[in-house]
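Remarks on the structure that follows.
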6 protein chains.
Amino acid sequence: MDGFIVKDSLKRFLEEDLAWGDVTSDKILEGKDSIRVKAVIYAKEEGVMAGIDVPRYVFEILSPDIEYICHKKDGEDIKKGDVLAEVFGPASALLKGERVSLNLIQRMCGIATKTRRFVKMVEGFNVKITDTRKTMPGLRIFDKYAVEVGGGIKHRFGLADSVLIKDNHIKIAGGIKEAVERVKNKLSHTLKIEIEVENLEDLKEALEAGVDIILLDNMSPDTVRRAVEIVDKRVILEVSGGIREDNIIDYAKTGVDVISIGSLTHSVKALDISLDLFEKKKS
Amino acid sequence: MDGFIVKDSLKRFLEEDLAWGDVTSDKILEGKDSIRVKAVIYAKEEGVMAGIDVPRYVFEILSPDIEYICHKKDGEDIKKGDVLAEVFGPASALLKGERVSLNLIQRMCGIATKTRRFVKMVEGFNVKITDTRKTMPGLRIFDKYAVEVGGGIKHRFGLADSVLIKDNHIKIAGGIKEAVERVKNKLSHTLKIEIEVENLEDLKEALEAGVDIILLDNMSPDTVRRAVEIVDKRVILEVSGGIREDNIIDYAKTGVDVISIGSLTHSVKALDISLDLFEKKKS
Amino acid sequence: MDGFIVKDSLKRFLEEDLAWGDVTSDKILEGKDSIRVKAVIYAKEEGVMAGIDVPRYVFEILSPDIEYICHKKDGEDIKKGDVLAEVFGPASALLKGERVSLNLIQRMCGIATKTRRFVKMVEGFNVKITDTRKTMPGLRIFDKYAVEVGGGIKHRFGLADSVLIKDNHIKIAGGIKEAVERVKNKLSHTLKIEIEVENLEDLKEALEAGVDIILLDNMSPDTVRRAVEIVDKRVILEVSGGIREDNIIDYAKTGVDVISIGSLTHSVKALDISLDLFEKKKS
Amino acid sequence: MDGFIVKDSLKRFLEEDLAWGDVTSDKILEGKDSIRVKAVIYAKEEGVMAGIDVPRYVFEILSPDIEYICHKKDGEDIKKGDVLAEVFGPASALLKGERVSLNLIQRMCGIATKTRRFVKMVEGFNVKITDTRKTMPGLRIFDKYAVEVGGGIKHRFGLADSVLIKDNHIKIAGGIKEAVERVKNKLSHTLKIEIEVENLEDLKEALEAGVDIILLDNMSPDTVRRAVEIVDKRVILEVSGGIREDNIIDYAKTGVDVISIGSLTHSVKALDISLDLFEKKKS
Amino acid sequence: MDGFIVKDSLKRFLEEDLAWGDVTSDKILEGKDSIRVKAVIYAKEEGVMAGIDVPRYVFEILSPDIEYICHKKDGEDIKKGDVLAEVFGPASALLKGERVSLNLIQRMCGIATKTRRFVKMVEGFNVKITDTRKTMPGLRIFDKYAVEVGGGIKHRFGLADSVLIKDNHIKIAGGIKEAVERVKNKLSHTLKIEIEVENLEDLKEALEAGVDIILLDNMSPDTVRRAVEIVDKRVILEVSGGIREDNIIDYAKTGVDVISIGSLTHSVKALDISLDLFEKKKS
Amino acid sequence: MDGFIVKDSLKRFLEEDLAWGDVTSDKILEGKDSIRVKAVIYAKEEGVMAGIDVPRYVFEILSPDIEYICHKKDGEDIKKGDVLAEVFGPASALLKGERVSLNLIQRMCGIATKTRRFVKMVEGFNVKITDTRKTMPGLRIFDKYAVEVGGGIKHRFGLADSVLIKDNHIKIAGGIKEAVERVKNKLSHTLKIEIEVENLEDLKEALEAGVDIILLDNMSPDTVRRAVEIVDKRVILEVSGGIREDNIIDYAKTGVDVISIGSLTHSVKALDISLDLFEKKKS
């Protein structure tokens with residue numbers, strides 16, 4: 001995870017929490033500015049590591065004087081009690097950056113853990129798990145990174161890096177064929193075209209119009225299977241809508257290429273992670 | 001929800017999604033710039049409304065030409081199928097602002113719904129439900145607003161609007177008494193002091209040191225009950241840690257004043273909400 | 001051109017010019033704040049219109065009280081003397097926004113005009129003209145828009161919306177095959193892969209590795225022709241490097257799909273456009 | 001070139017290119033984070049160096065771990081094949097910052113080269129070459145710096161650092177005398193007054209009104225010569241409009257003090273500069 | 001005072017006060033969102049009006065629905081009890097914007113009032129009162145505007161709009177002559193050169209070196225008088241340092257051209273101004 | 001004073017002064033980029049130190065290569081001639097950062113000095129001195145810090161960290177009781193409620209309504225004394241309005257808990273502080 005991409009967001013997150021200072025820590029540390037401490041970040045629950053560099057960046061924004069040692073890499077399994085990282089630095093920076101750091105990695109590990117669970121369930125099938133744009137506003141870069149770390153692939157990042165023709169676009173264009181034609185007019189040769197279809201008739205029309213990816217929206221496993229047969233590998237087939245742990249296998253079995261799951265990022269259960277401080281002897 | 005407070009965030013969220021344009025909508029609408037449409041935002045699941053003004057602000061950022069009609073107020077119950085709001089405006093603005101709008105209100109309604117559930121469970125007890133700082137970075141203003149709408153009260157917003165002496169502060173200060181003394185030195189008369197304690201001994205020491213609120217961390221209902229007796233209304237008693245739907249009643253019965261629940265905001269299940277577009281006759 | 005996408009840039013451009021005020025206009029207008037004037041934007045040279053909405057957005061940032069009437073649409077031909085737009089508004093806004101408006105549309109029209117010239121030269125051949133990332137920093141959205149208006153197609157916007165494996169990437173990966181494999185690992189299914197090759201051996205290796213687009217770098221028309229034969233429509237073929245007005249036909253004849261031209265945006269000749277002010281009778 | 005002045009712009013330029021990451025480099029470097037490489041920036045065309053510190057600042061924004069060795073100073077002549085600078089640092093930073101670096105210095109060298117050509121042509125005459133406000137929006141600090149490096153002098157930076165009464169101001173004021181009077185009213189004693197005139201009558205009126213600089217707009221060399229005689233060194237005389245390589249000598253011979261040339265910055269031919277990467281042995 | 005120039009600052013000032021909301025007003029107005037009120041801004045002390053548009057801009061940032069009626073113009077005298085402006089709008093906007101509005105105009109009126117006092121004292125002498133760069137950080141545009149409104153002239157705005165060679169520059173250059181020579185090298189023809197001198201020897205050296213303005217630093221009225229004689233109108237003479245109400249006449253009498261006074265902006269006494277709210281009948 | 005909290009403001013203040021460069025220093029230092037100098041910051045007047053870290057942060061923004069040695073700590077007395085700090089670094093950074101540094105610490109020391117004077121006057125009485133929100137916009141963090149350093153306590157920072165019901169709120173709510181009730185509805189348990197009252201009747205009503213702090217607005221010492229008796233330590237009593245050096249003792253004697261003084265920050269006399277540069281031998 002590249003620091004350049006996230007440091008501005010992290011700075012804003014810190015400002016959200018301490019724009020006007022940290023009255024508790026400032027009072028506790030008055031006249032003790034030079035205290036250096038050690039902090040240990042550890043898991044209180046098992047899951048998948050994601051965002052191990054995030055606390056490093058957070059603390060570095062607060063102080064130039066941080067030493068950060070990772071004990072886990074992104075993508076590794078973590079068990080309850082595992083130390084994820086150790087941080088050494090001024091008490092002030094560690095106290096003030098704790099909450100933002102934890103809030104982020106708890107979410108990221110939560111996403112990676114959930115993604116990994118889905119990925120494992122479909123192991124053996126030739127199908128990829130992907131996310132959607134249903135990420136938390138302002139956190140997309142973190143959310144999608146966590147999905148990838150968990151073993152998924154990223155769907156398009158935003159509205160500019162791929163065409164996705166949805167229901168509302170089709171309505172305005174006046175039909176699938178018309179929508180695809182409109183989109184193809186002077187389209188960049190570097191962009192793929194994906195289109196969302198509701199039924200097999202539309203699927204056929206989309207195939208004929210010529211697209212790269214077809215998204216089957218809210219179809220039963222049976223319908224998806226027939227779609228797979230119709231398409232016969234001519235385009236990438238993605239399925240979305242109502243896919244949960246209890247039915248994902250049924251979809252995986254259909255031979256579809258990609259399964260996208262909104263809840264990976266819109267309904268996240270944070271992984272329980274804590275930070276403990278230890279006063280450090282001055283060296 | 002005051003527009004001034006959130007508009008900058010909303011603008012940033014839109015930029016995350018469409019900083020470099022919306023290639024699909026731009027192609028679909030080429031030469032159709034003047035198309036005005038109607039959009040309907042409706043619930044696909046029951047819950048509590050929160051953030052009804054958010055889509056309005058989002059669409060207004062994208063176009064000066066938006067008409068927005070709320071059908072629900074924040075705090076109202078919503079049922080599956082309920083229309084929450086109608087929007088009239090340029091197709092471009094509605095297509096581009098849809099995802100950010102939905103991502104936010106799905107989360108906010110999810111938080112309000114969960115909060116309301118907890119609040120209802122403790123009805124009849126003289127106890128308040130509150131949140132924590134375990135909100136999603138960049139979304140605190142939305143998350144805490146949703147908690148309040150759901151019937152909870154807000155805990156402190158950030159590190160500057162209230163003192164909260166935690167474990168790590170006590171370690172550095174060298175004890176509860178020392179920590180409280182340090183904090184009281186030239187403290188603003190407008191700020192309350194809260195301290196987190198792990199056991200009843202610490203509770204007594206904190207009471208003696210003189211604080212406004214004591215936070216009982218991870219205690220059993222029994223211990224909390226004894227804490228309530230010891231404190232005897234001299235300070236506000238808050239309890240936190242491991243409180244879930246299946247044990248909250250046990251805590252409510254203890255007579256504690258406030259129950260804070262991190263999962264209200266750190267582990268949110270989005271409420272399912274959709275937006276449908278209808279082409280509108282030109283008037 | 002969507003206002004949301006460009007207004008922040010335009011505001012910054014205005015600040016560059018008048019962050020601390022416009023000492024001349026402020027003195028000239030002292031006590032004449034209410035003067036409304038009409039301005040006419042007109043061409044002093046023939047070319048292709050691009051960015052007609054830009055002055056509108058510029059003036060609207062400076063005053064809520066602007067009326068703007070376009071006489072030309074983006075993509076239309078313009079002749080010397082043509083009025084492009086009329087603006088009515090406070091003298092202060094028109095005087096202060098003039099330079100930024102003109103600087104931008106002079107560049108944009110310059111780019112569109114040059115693009116159109118190339119596009120016309122290859123009419124009849126089944127080949128597209130495209131740009132590169134050699135745009136002026138901070139102006140990419142304007143530069144690429146002008147290319148499209150001129151009849152070209154946009155290449156990828158930035159480093160995230162398409163894969164382009166270049167010489168330096170291949171060196172680090174240790175070969176074409178290795179680079180493509182690395183890139184394909186967990187790549188988003190919505191992204192295309194393009195690779196730059198220097199000779200026909202590399203072209204074959206790239207074809208085998210499996211990519212969507214191959215960029216032929218600095219090859220002679222003859223070599224390009226052989227590449228076209230080798231590829232035989234299996235991937236999109238793009239050619240780049242040293243393509244000018246005096247040799248573009250030779251490249252067009254090869255049967256290549258796309259010609260990318262850096263000078264469209266890195267070496268722009270501004271189109272000569274002026275703004276004249278007329279005092280307007282108060283209505 | 002002071003880093004403080006430009007670093008924010010450079011950061012924004014990088015964000016334009018890689019706000020959401022560099023999908024190619026990230027995939028190529030996955031698991032190779034520690035690779036350090038050497039890059040060489042070299043000229044593929046002769047010209048004048050300008051902006052040699054710009055790549056340094058760009059790469060430093062992307063990594064704290066950059067070593068940058070200049071081989072040319074701003075203002076020095078460069079020949080085809082000359083190495084301008086060497087950079088050592090993480091492959092990630094060098095790959096991601098390459099385009100922004102090159103785009104900027106290609107433009108800056110292009111401006112300096114063109115300016116130097118004009119400056120050399122008027123050598124021996126007591127006349128200065130200067131720029132205008134026809135710079136590319138957002139790039140004024142870079143454009144004007146390059147003009148100075150090329151041997152020109154800077155005209156005013158923006159609308160606040162000097163008075164320049166133009167045609168449109170005179171119209172609103174109701175005449176040259178009225179305009180100058182208005183401007184002189186409580187004007188800062190640190191600011192000069194320049195006025196643009198269209199003919200010799202206006203020149204005389206401006207002289208009488210009392211200004212510091214008179215700008216002769218679009219006059220023939222003959223008219224300029226008469227203006228020089230009339231003014232007789234009482235004010236600084238500047239000439240502008242339609243001055244090209246093929247007529248600049250005629251203007252230089254008139255005895256005018258300053259020649260301003262819009263095309264120095266509004267119509268720039270980028271100098272061809274490249275960056276090559278070499279893998280570096282770990283030390 | 002142009003809104004474009006100040007609105008960003010005003011927005012930031014509002015965020016300083018209410019980034020996370022106004023807990024009092026929000027609670028008071030809960031369920032009363034539609035209340036419109038009238039506010040009256042009035043003086044509790046006599047002085048000079050400055051910044052009358054500032055509250056308008058502040059309230060407009062908070063609500064699109066503001067009506068603002070000025071009763072005083074900038075530069076007019078105000079007496080105790082005078083109504084300066086009336087505002088009509090939503091109670092929420094008026095309550096939240098009150099403090100920022102008043103803080104600014106109290107300062108601006110304080111500066112204008114003090115400036116006016118100095119200006120009046122030197123009436124009849126041909127001398128101007130000017131400010132310095134000793135303005136409050138972030139408020140320079142407001143501070144200098146208030147000085148001008150009070151009858152002074154502005155000194156240079158910042159470090160880029162005029163040359164001012166000070167003691168520390170002379171030390172580094174190695175002397176007055178050397179400093180002036182260095183500065184003149186390729187200096188923009190639109191910029192004046194001012195130099196600060198400590199004694200009459202330096203004054204003579206500066207005169208010889210050729211500058212536009214000489215700043216006499218901390219000299220007695222007698223020395224200033226001799227400086228005036230030496231200079232004999234060849235350059236503008238400015239005097240600075242320790243000039244107060246009780247000695248300004250002595251300086252005015254010397255024949256110096258400009259007197260600059262740091263305390264105009266570094267030591268401001270706010271003018272007492274209040275805002276009262278009246279509930280307004282709904283129309 | 002935590003660097004994280006103020007660095008963005010300081011950067012903006014520097015941009016206000018030198019966004020487009022420092023023409024004097026740049027010319028003086030041309031070709032002398034490597035000159036390192038020593039600067040001494042010293043007091044020309046006695047007072048209280050506040051903001052000693054501010055120049056450090058300012059210079060560090062301008063150069064990574066600053067050594068800064070404090071000779072005074074915040075809160076210490078300073079005498080005329082005292083060296084406050086020494087700075088070593090590039091001449092460019094020291095020349096460019098001088099004015100912003102001095103403007104800020106002159107103000108901060110001025111505030112601390114004034115606060116200390118009030119604090120000393122009430123020594124022996126059990127009363128605290130506090131500030132108001134009448135700080136200079138954009139400088140609140142600096143102003144309030146200086147008050148605390150001078151021995152005062154901070155009042156609430158902004159509109160979100162404490163409830164303060166003022167006259168205008170009471171009007172809208174329809175009375176004191178109604179206002180307090182409205183505010184208490186779902187109020188955070190971490191916030192105190194303060195209410196401003198104009199007379200003793202209102203004081204009693206406020207006491208009954210139940211608040212934490214009562215602010216006596218513009219009352220005579222006699223009335224305050226009676227308020228103290230009525231309240232009898234049940235709430236914190238604060239007094240405000242027209243309190244000056246010549247009457248503060250009368251208020252201190254009343255037994256009131258807190259005295260708030262707007263002029264601490266709205267009418268500041270800067271402390272005279274200077275910076276001298278010395279060329280430093282290269283080591």
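Residues in the structure tokens are numbered from 1 in each chain, the chains being A, B, ... in the order shown, and ligands are numbered from 1 in the order shown.
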- Identify every residue of chain E that has at least one atom within 9 Å of any atom of chain B, counting only C-alpha atoms, and report the result as number ranges by chain. E: 15, 18-21, 26, 61-63, 92
- Task: Mind checking which residues fall within 8 Å of Pro221 (chain E), counting only C-alpha atoms, ignoring those fewer than 5 positions away in the same chain, and posting them as JSON, numbers by chain?
- Result: {"E": [250, 251, 254]}
Using the selection just defined, write its residues with N, CA and C atoms as a short mmCIF file (atom, residue, chain, number, x, y, z; two decimals), in the first residue's frame.
```
data_model
loop_
_atom_site.label_atom_id
_atom_site.label_comp_id
_atom_site.auth_asym_id
_atom_site.auth_seq_id
_atom_site.Cartn_x
_atom_site.Cartn_y
_atom_site.Cartn_z
N ASP E 250 5.65 65.45 14.21
CA ASP E 250 7.06 65.79 14.01
C ASP E 250 7.61 65.15 12.73
N TYR E 251 7.14 63.95 12.45
CA TYR E 251 7.60 63.28 11.23
C TYR E 251 6.92 63.87 10.00
N THR E 254 8.53 66.86 8.44
CA THR E 254 9.85 66.75 7.80
C THR E 254 9.78 66.81 6.28
#
```
- Task: Taking the chain letters and numbering used in this document, name the residues of region 2-42 of chain E that DSSP puts in helix (DSSP H, G or I), as a PyMOL selection string.
- Result: chain E and resi 3-18+23-28
Store the residues of this selection in a file with C-alpha atoms, as a compact mmCIF listing (two decimals), in the first residue's frame.
```txt
# COMPACT_ATOMS: atom_id res chain seq x y z
CA GLY E 3 -16.19 37.90 -2.41
CA PHE E 4 -14.00 35.65 -4.51
CA ILE E 5 -10.90 36.83 -2.67
CA VAL E 6 -12.19 36.17 0.83
CA LYS E 7 -14.78 33.40 0.71
CA ASP E 8 -12.30 30.58 1.21
CA SER E 9 -10.85 32.26 4.26
CA LEU E 10 -14.31 32.90 5.67
CA LYS E 11 -15.23 29.27 5.16
CA ARG E 12 -12.14 28.21 7.03
CA PHE E 13 -12.91 30.62 9.85
CA LEU E 14 -16.39 29.14 10.16
CA GLU E 15 -14.92 25.66 10.24
CA GLU E 16 -12.64 26.73 13.06
CA ASP E 17 -15.70 27.61 15.10
CA LEU E 18 -18.18 24.98 14.03
CA VAL E 23 -24.48 21.85 19.77
CA THR E 24 -26.42 24.65 21.44
CA SER E 25 -28.14 26.04 18.37
CA ASP E 26 -28.83 22.61 16.92
CA LYS E 27 -30.60 21.53 20.10
CA ILE E 28 -32.48 24.81 20.48
```
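Look at Tyr68 (chain A): the protein and nucleic acid residues within 9 Å of it, using only C-alpha atoms and passing over chain neighbours fewer than 2 places away, are Asp53, Pro55, Arg56, Phe59, Ile66, Cys70, Ala85, Glu86, Val87, Phe88 and Gly89 of chain A.
Restricting the calculation to only C-alpha atoms, the smallest distance between His169 (chain C) and any of D:Ala91, D:Val58, D:Leu237, D:Ala50 is found for D:Ala91.
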Report as a PDB file with N, CA and C atoms, in the first residue's frame: the residues of region 202-268 of chain C with a DSSP assignment of strand (DSSP E), based on the backbone of this structure.
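Resulting contents of result.pdb:
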```pdb
ATOM      1  N   ILE C 213      -3.825  -5.124 -26.036  1.00  0.00           N
ATOM      2  CA  ILE C 213      -3.348  -4.082 -26.951  1.00  0.00           C
ATOM      3  C   ILE C 213      -1.828  -4.170 -27.000  1.00  0.00           C
ATOM      4  N   ILE C 214      -1.275  -3.991 -28.190  1.00  0.00           N
ATOM      5  CA  ILE C 214       0.183  -3.918 -28.299  1.00  0.00           C
ATOM      6  C   ILE C 214       0.555  -2.581 -28.911  1.00  0.00           C
ATOM      7  N   LEU C 215       1.482  -1.906 -28.229  1.00  0.00           N
ATOM      8  CA  LEU C 215       1.939  -0.600 -28.678  1.00  0.00           C
ATOM      9  C   LEU C 215       3.287  -0.759 -29.365  1.00  0.00           C
ATOM     10  N   LEU C 216       3.319  -0.432 -30.647  1.00  0.00           N
ATOM     11  CA  LEU C 216       4.551  -0.520 -31.423  1.00  0.00           C
ATOM     12  C   LEU C 216       5.290   0.796 -31.273  1.00  0.00           C
ATOM     13  N   ASP C 217       6.462   0.738 -30.665  1.00  0.00           N
ATOM     14  CA  ASP C 217       7.161   1.967 -30.322  1.00  0.00           C
ATOM     15  C   ASP C 217       8.229   2.297 -31.353  1.00  0.00           C
ATOM     16  N   ILE C 236      -5.572  -5.382 -30.419  1.00  0.00           N
ATOM     17  CA  ILE C 236      -5.554  -4.022 -30.962  1.00  0.00           C
ATOM     18  C   ILE C 236      -4.099  -3.602 -31.127  1.00  0.00           C
ATOM     19  N   LEU C 237      -3.780  -3.035 -32.276  1.00  0.00           N
ATOM     20  CA  LEU C 237      -2.414  -2.578 -32.520  1.00  0.00           C
ATOM     21  C   LEU C 237      -2.368  -1.049 -32.509  1.00  0.00           C
ATOM     22  N   GLU C 238      -1.469  -0.518 -31.707  1.00  0.00           N
ATOM     23  CA  GLU C 238      -1.297   0.934 -31.616  1.00  0.00           C
ATOM     24  C   GLU C 238       0.136   1.256 -32.009  1.00  0.00           C
ATOM     25  N   VAL C 239       0.321   2.360 -32.685  1.00  0.00           N
ATOM     26  CA  VAL C 239       1.688   2.756 -33.033  1.00  0.00           C
ATOM     27  C   VAL C 239       1.953   4.159 -32.488  1.00  0.00           C
ATOM     28  N   SER C 240       3.201   4.384 -32.094  1.00  0.00           N
ATOM     29  CA  SER C 240       3.549   5.653 -31.475  1.00  0.00           C
ATOM     30  C   SER C 240       4.996   6.011 -31.767  1.00  0.00           C
ATOM     31  N   VAL C 258      -4.683   2.075 -34.146  1.00  0.00           N
ATOM     32  CA  VAL C 258      -4.649   3.335 -33.395  1.00  0.00           C
ATOM     33  C   VAL C 258      -3.283   3.988 -33.568  1.00  0.00           C
ATOM     34  N   ILE C 259      -3.286   5.300 -33.775  1.00  0.00           N
ATOM     35  CA  ILE C 259      -2.034   6.069 -33.824  1.00  0.00           C
ATOM     36  C   ILE C 259      -2.053   7.057 -32.670  1.00  0.00           C
ATOM     37  N   SER C 260      -1.064   6.960 -31.793  1.00  0.00           N
ATOM     38  CA  SER C 260      -1.030   7.920 -30.671  1.00  0.00           C
ATOM     39  C   SER C 260       0.054   8.958 -30.920  1.00  0.00           C
TER      40      SER C 260
END
```
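Nearest residue to Ala39 (chain D) among C:Asn168, C:Glu196, C:Lys253, C:Leu94 is C:Asn168, counting only C-alpha atoms.
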- Query: Near Gly151 (chain C), counting only C-alpha atoms, which residues have an atom at most 8 Å away, once you skip same-chain residues fewer than 6 positions from it, shown as a PyMOL selection string?
  - Reply: (chain A and resi 186) or (chain C and resi 75+112+115-116+119+129)
- Query: Which of these, A:Ile52, A:Ile105, A:Leu29, A:Ala43, has the shortest distance to Asp82 (chain A) once you count only C-alpha atoms?
  - Reply: A:Ala43
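Of note, CA of Ala209 (chain E) and CA of Ile153 (chain D) are spaced 20.3 Å apart.
The two atoms in question, CA of Asp74 (chain C) and CA of Leu275 (chain C), are spaced 18.2 Å apart.
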- Item | His71 (chain A) environment, 7 Å, only C-alpha atoms, sequence neighbours closer than 2 positions dropped, as a VMD selection string | chain A and resid 69 73 83 to 85
Kindly save the residues from that selection, with all heavy atoms included, as a CSV table (one decimal), in the first residue's frame.
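This went into again_10.csv:
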```csv
chain,number,residue,atom,x,y,z
A,69,ILE,N,7.8,-1.9,13.5
A,69,ILE,CA,8.2,-3.2,13.1
A,69,ILE,C,7.0,-4.1,12.8
A,69,ILE,O,6.2,-4.4,13.8
A,69,ILE,CB,9.1,-3.8,14.2
A,69,ILE,CG1,10.3,-2.9,14.4
A,69,ILE,CG2,9.5,-5.3,13.8
A,69,ILE,CD1,11.1,-3.3,15.7
A,73,LYS,N,2.4,-9.8,7.5
A,73,LYS,CA,2.3,-9.2,6.2
A,73,LYS,C,0.9,-9.2,5.8
A,73,LYS,O,0.1,-10.1,6.2
A,73,LYS,CB,3.1,-10.0,5.2
A,73,LYS,CG,4.6,-9.7,5.2
A,73,LYS,CD,5.3,-10.4,4.0
A,73,LYS,CE,6.8,-10.5,4.3
A,73,LYS,NZ,7.4,-11.5,3.4
A,83,VAL,N,0.8,-10.7,17.8
A,83,VAL,CA,1.3,-9.3,17.7
A,83,VAL,C,1.4,-9.0,16.2
A,83,VAL,O,2.1,-9.7,15.5
A,83,VAL,CB,2.7,-9.2,18.4
A,83,VAL,CG1,3.3,-7.8,18.1
A,83,VAL,CG2,2.5,-9.3,19.9
A,84,LEU,N,0.8,-8.0,15.8
A,84,LEU,CA,0.8,-7.6,14.4
A,84,LEU,C,1.9,-6.6,14.1
A,84,LEU,O,2.6,-6.7,13.1
A,84,LEU,CB,-0.5,-6.9,14.0
A,84,LEU,CG,-1.8,-7.7,14.5
A,84,LEU,CD1,-3.1,-6.9,14.0
A,84,LEU,CD2,-1.8,-9.1,13.9
A,85,ALA,N,2.2,-5.7,15.1
A,85,ALA,CA,3.3,-4.8,14.9
A,85,ALA,C,3.7,-4.2,16.2
A,85,ALA,O,2.9,-4.2,17.1
A,85,ALA,CB,2.8,-3.7,13.9
```
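From CA of Thr132 (chain A) back to CA of Thr265 (chain A), the distance works out to 7.8 Å.
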